[in-house]
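Chemist: What follows is a structure written as structure tokens; I'll ask about it next.
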Amino acid sequence: LGGARAPERAWAATPRASGTMLRWLRGFVLPAAACQEEDPRKRYETLFRKLDRNADCVVDIRELQEGLKSLGIPLGQDAEEKIFTTGDTNKDGKLDFEEFVKYLKDHEKKMKLAFKTLDKNNDGKIEASEIVQSLQLLGLNISEQQAELILQSIDADGTMTVDWNEWRDYFLFNPATDIEGIIRFWKHSTGIDIGDSLTIPDEFTEEEKKSGQWWRQLLAGGIAGAVSRTSTAPLDRLKVMMQVHGSKSHKMSIYDGFRQMVKEGGIRSLWRGNGTNVIKIAPETAIKFYAYEQYKKLLTEEGQKIGTFERFISGSLAGATAQTFIYPMEVLKTRLAVGKTGQYSGLFHCAKKILKHEGMGAFYKGYIPNLLGIIPYAGIDLAVYELLKSYWLDNFAKDSVNPGVVVLLGCGALSSTCGQLASYPLALVRTRMQAQAMVEGAPQLNMVGLFQRIISKEGVTGLYRGITPNFMKVIPAVGISYVAYENMKRTLGVTQK
């Protein structure tokens, strides 16, 4: 997911084959797992021999991947690489038995802490009500039925409770290190960028902040956004042209719009204004991320986990803060997109002309409707995303509560689209206010005046001029953004979302 928000996203790094994994561990490799007196080193030795496919007393990444796959418990490249890099303490590209044992022992300690966090009544078993209670504290609301699905995917003896042995065996190869890591798949995906900048910012665990993974994820998301926006720039420019010039008296279809743009400035003109749209990703992301962290601290007490409402308020305020700083670039992007060939030689020339002829205030034309649009966009985006996830869990989850990448990308795309639908009239008014000075004979109206003029002359449908190309770009933008994001994560060494 919103933008993605995606996914990646049974529990987070746990595969759909998790039931197979647990049965295999308990039935073959860990036959005495329920016996607390059994030497864990023997269990580790049995498992190590299964993975050491060429019997040379070391396991490389390929053996780990092939070994887990042959045993029916493939985790996915990201999870397997994270296990390997964490366990390979001497960085020789191989895991010997001692490194393997140390990794599993350290991992079991972390999973023990996670288990105790969920076991609220300290009876040595996790029940559905405890899962609901624990996830509420982490800002994730799920039903008792959904919690039972989680239990079913972990429960090996059919008791509808999970003891430590079942928990340990299930998460033996899960690279998540705490409860937050385990449920991170419920977040919006950073990799989704549909060209709009009003989404709730992404969140990162303390481990990711300390390790530097957070800035790599932000960089990967920024580059993915640049690729996605550049790929869909012709549709974005067409949307702006239809918003500014489209009316009952001057109808502009998608075909006519493209034909006019190409005729006026050639194929290259389809990307006019895209450079500014890409350049503003970096400062906007940085400001939004920093502001989001500060607003979260203000709205939550020390040690308290942020809930959905607090996340929405923090995200909206962070979006408003970022927009305040980068808004002049939004105006420049619109002016360049609407401008004719030769009118502006570039970004700085455009800024210089606006400053000279219209003054500093022109850089904040349309600022109020833009700010007002953040609330319905972010609120509906977040609410619809939560609703879609919940609906999937209630109606389609069977042996796993992992929605999978396709479902989560679909949730993110649909929720972002609903957010756009609600905020689009404000976006249209904003764009017209930004471009009013360029339209000959157009009166310089304020937000209320523009709303009244559009409704009186064009009707309510006039508030949705250009929404078709806007919707047309959602699916390709999400797909391109996700593929670019995943490739950048691998390039930058981001091992886990």
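Identifiers for the structure tokens are assigned positionally: chains receive A, B, ... in sequence, residues are indexed from 1 per chain, and ligands are indexed from 1 in the order shown.
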Just want the 12 Å neighbourhood of Gln444 (chain A), counted on only C-alpha atoms, with same-chain residues fewer than 2 positions away dropped. Output as a list in words.
Modeler: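 The residues satisfying every condition are Glu358, Ala362, Lys365, Gly366, Arg432, Met433, Gln434, Ala435, Gln436, Ala437, Met438, Val439, Glu440, Gly441, Ala442, Asn446, Met447, Val448, Gly449, Leu450 and Arg453 of chain A.
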Chemist: Those same residues - C-alpha atoms - I'd like them written as a short mmCIF file (atom, residue, chain, number, x, y, z; two decimals), in the first residue's frame.
Modeler:
data_model
loop_
_atom_site.label_atom_id
_atom_site.label_comp_id
_atom_site.auth_asym_id
_atom_site.auth_seq_id
_atom_site.Cartn_x
_atom_site.Cartn_y
_atom_site.Cartn_z
CA GLU A 358 3.34 39.30 -10.19
CA ALA A 362 2.06 34.65 -6.81
CA LYS A 365 -1.67 31.25 -5.26
CA GLY A 366 -3.99 28.30 -4.58
CA ARG A 432 -6.69 27.24 -11.85
CA MET A 433 -5.61 29.78 -9.23
CA GLN A 434 -1.96 28.94 -9.94
CA ALA A 435 -2.47 29.46 -13.69
CA GLN A 436 -5.02 32.33 -13.74
CA ALA A 437 -2.45 34.96 -14.67
CA MET A 438 -1.53 32.99 -17.82
CA VAL A 439 -5.09 32.73 -19.16
CA GLU A 440 -5.94 35.80 -21.21
CA GLY A 441 -9.10 37.59 -20.12
CA ALA A 442 -9.56 35.39 -17.06
CA ASN A 446 -10.12 33.80 -5.00
CA MET A 447 -11.02 30.25 -3.97
CA VAL A 448 -14.71 30.92 -3.21
CA GLY A 449 -15.12 33.04 -6.34
CA LEU A 450 -13.62 30.31 -8.52
CA ARG A 453 -17.83 30.62 -11.27
#
Chemist: Counting only C-alpha atoms, which residue out of A:Pro425, A:Gly419, A:Pro328, A:Gly379 sits closest to Ser314 (chain A)?
Modeler: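 Using only C-alpha atoms, Ser314 (chain A) sits closest to A:Gly379.
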Chemist: Which one of A:Glu301, A:Asp394, A:Glu130, A:Asp119 sits closest to Leu149 (chain A) if you count only C-alpha atoms?
Modeler: A:Asp394
Chemist: Rank nothing, just name the residue among A:Leu408, A:Leu347, A:Ile83, A:Ala322 nearest to Asp106 (chain A), using only C-alpha atoms.
Modeler: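 Ranked by minimum distance to Asp106 (chain A), first place goes to A:Ile83.
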Chemist: Among region 286-349 of chain A, which residues does DSSP mark as alpha helix (DSSP H) when it is run on the backbone? Keep the chain and numbering as in the structure and answer as a VMD selection string.
Modeler: chain A and resid 286 to 299 308 to 338 347 to 349
Chemist: Write the selection just made, keeping N, CA and C atoms, as a CSV table (one decimal), in the first residue's frame?
Modeler:
chain,number,residue,atom,x,y,z
A,286,ALA,N,11.8,14.8,2.8
A,286,ALA,CA,12.6,15.0,4.0
A,286,ALA,C,11.9,15.8,5.0
A,287,ILE,N,11.2,16.9,4.6
A,287,ILE,CA,10.5,17.7,5.5
A,287,ILE,C,9.3,17.0,6.1
A,288,LYS,N,8.6,16.2,5.2
A,288,LYS,CA,7.4,15.5,5.7
A,288,LYS,C,7.8,14.4,6.7
A,289,PHE,N,8.9,13.7,6.5
A,289,PHE,CA,9.4,12.7,7.4
A,289,PHE,C,9.8,13.3,8.7
A,290,TYR,N,10.5,14.4,8.7
A,290,TYR,CA,11.0,15.0,10.0
A,290,TYR,C,9.8,15.6,10.7
A,291,ALA,N,8.9,16.3,10.0
A,291,ALA,CA,7.7,16.9,10.7
A,291,ALA,C,6.8,15.8,11.3
A,292,TYR,N,6.6,14.7,10.5
A,292,TYR,CA,5.8,13.6,11.0
A,292,TYR,C,6.3,13.0,12.3
A,293,GLU,N,7.6,12.8,12.4
A,293,GLU,CA,8.2,12.3,13.7
A,293,GLU,C,8.0,13.3,14.8
A,294,GLN,N,8.1,14.6,14.6
A,294,GLN,CA,7.9,15.6,15.6
A,294,GLN,C,6.4,15.6,16.1
A,295,TYR,N,5.5,15.6,15.1
A,295,TYR,CA,4.1,15.6,15.4
A,295,TYR,C,3.7,14.4,16.2
A,296,LYS,N,4.2,13.2,15.8
A,296,LYS,CA,3.9,12.0,16.6
A,296,LYS,C,4.3,12.1,18.0
A,297,LYS,N,5.5,12.7,18.3
A,297,LYS,CA,6.0,12.9,19.7
A,297,LYS,C,5.0,13.8,20.4
A,298,LEU,N,4.5,14.9,19.8
A,298,LEU,CA,3.6,15.8,20.4
A,298,LEU,C,2.3,15.2,20.8
A,299,LEU,N,1.8,14.3,19.9
A,299,LEU,CA,0.5,13.7,20.1
A,299,LEU,C,0.4,12.4,20.9
A,308,THR,N,-4.4,4.9,14.9
A,308,THR,CA,-4.8,5.4,13.6
A,308,THR,C,-5.2,6.9,13.5
A,309,PHE,N,-5.9,7.3,14.5
A,309,PHE,CA,-6.3,8.7,14.5
A,309,PHE,C,-5.1,9.7,14.7
A,310,GLU,N,-4.2,9.3,15.6
A,310,GLU,CA,-3.0,10.1,15.8
A,310,GLU,C,-2.1,10.1,14.5
A,311,ARG,N,-2.1,8.9,13.9
A,311,ARG,CA,-1.3,8.8,12.6
A,311,ARG,C,-1.9,9.7,11.5
A,312,PHE,N,-3.2,9.8,11.5
A,312,PHE,CA,-3.9,10.6,10.5
A,312,PHE,C,-3.6,12.1,10.8
A,313,ILE,N,-3.8,12.5,12.0
A,313,ILE,CA,-3.5,13.9,12.4
A,313,ILE,C,-2.0,14.3,12.2
A,314,SER,N,-1.1,13.4,12.6
A,314,SER,CA,0.3,13.7,12.4
A,314,SER,C,0.7,13.8,10.9
A,315,GLY,N,0.1,12.8,10.2
A,315,GLY,CA,0.4,12.8,8.7
A,315,GLY,C,-0.2,14.0,8.0
A,316,SER,N,-1.4,14.5,8.4
A,316,SER,CA,-2.0,15.6,7.8
A,316,SER,C,-1.2,16.9,8.1
A,317,LEU,N,-0.8,17.0,9.3
A,317,LEU,CA,0.0,18.2,9.7
A,317,LEU,C,1.4,18.2,9.1
A,318,ALA,N,2.0,17.0,9.0
A,318,ALA,CA,3.3,16.9,8.3
A,318,ALA,C,3.2,17.2,6.8
A,319,GLY,N,2.1,16.8,6.2
A,319,GLY,CA,1.8,17.1,4.8
A,319,GLY,C,1.7,18.6,4.6
A,320,ALA,N,0.9,19.3,5.5
A,320,ALA,CA,0.7,20.7,5.5
A,320,ALA,C,2.0,21.4,5.7
A,321,THR,N,2.9,21.0,6.6
A,321,THR,CA,4.2,21.6,6.8
A,321,THR,C,5.1,21.5,5.6
A,322,ALA,N,5.1,20.3,5.0
A,322,ALA,CA,5.9,20.1,3.8
A,322,ALA,C,5.4,21.0,2.6
A,323,GLN,N,4.1,21.0,2.5
A,323,GLN,CA,3.5,21.8,1.4
A,323,GLN,C,3.8,23.3,1.5
A,324,THR,N,3.8,23.8,2.8
A,324,THR,CA,4.1,25.2,3.0
A,324,THR,C,5.5,25.6,2.5
A,325,PHE,N,6.5,24.6,2.7
A,325,PHE,CA,7.8,24.9,2.3
A,325,PHE,C,8.1,24.8,0.7
A,326,ILE,N,7.4,23.8,0.2
A,326,ILE,CA,7.7,23.5,-1.3
A,326,ILE,C,6.6,24.0,-2.2
A,327,TYR,N,5.6,24.7,-1.7
A,327,TYR,CA,4.5,25.1,-2.5
A,327,TYR,C,4.9,25.9,-3.8
A,328,PRO,N,5.9,26.9,-3.6
A,328,PRO,CA,6.3,27.6,-4.8
A,328,PRO,C,6.7,26.7,-6.0
A,329,MET,N,7.3,25.5,-5.7
A,329,MET,CA,7.6,24.6,-6.7
A,329,MET,C,6.4,24.0,-7.4
A,330,GLU,N,5.3,23.9,-6.6
A,330,GLU,CA,4.0,23.4,-7.2
A,330,GLU,C,3.5,24.4,-8.2
A,331,VAL,N,3.6,25.7,-7.9
A,331,VAL,CA,3.2,26.8,-8.8
A,331,VAL,C,4.0,26.8,-10.0
A,332,LEU,N,5.3,26.6,-9.9
A,332,LEU,CA,6.2,26.6,-11.0
A,332,LEU,C,5.9,25.4,-11.9
A,333,LYS,N,5.6,24.3,-11.3
A,333,LYS,CA,5.3,23.1,-12.1
A,333,LYS,C,4.1,23.3,-13.0
A,334,THR,N,3.1,23.9,-12.4
A,334,THR,CA,1.8,24.2,-13.1
A,334,THR,C,2.1,25.2,-14.2
A,335,ARG,N,2.8,26.3,-13.9
A,335,ARG,CA,3.1,27.3,-14.9
A,335,ARG,C,3.9,26.7,-16.1
A,336,LEU,N,4.9,25.9,-15.8
A,336,LEU,CA,5.6,25.3,-16.9
A,336,LEU,C,4.8,24.3,-17.7
A,337,ALA,N,3.9,23.6,-17.1
A,337,ALA,CA,3.0,22.6,-17.8
A,337,ALA,C,2.0,23.3,-18.7
A,338,VAL,N,1.5,24.5,-18.2
A,338,VAL,CA,0.5,25.2,-19.0
A,338,VAL,C,1.2,26.1,-20.1
A,347,LEU,N,13.2,26.4,-15.3
A,347,LEU,CA,12.6,26.6,-13.9
A,347,LEU,C,13.0,28.0,-13.4
A,348,PHE,N,14.2,28.4,-13.5
A,348,PHE,CA,14.7,29.7,-12.9
A,348,PHE,C,14.1,30.9,-13.7
A,349,HIS,N,14.0,30.7,-15.0
A,349,HIS,CA,13.5,31.8,-15.9
A,349,HIS,C,12.0,32.0,-15.5
Chemist: Could you name the residues that touch Trp164 (chain A) at 10 Å or less, counting only C-alpha atoms, but leaving out those on the same chain fewer than 2 positions away, as a ChimeraX atom specification?
Modeler: /A:34,111-112,115-116,119,124-126,162,166-170
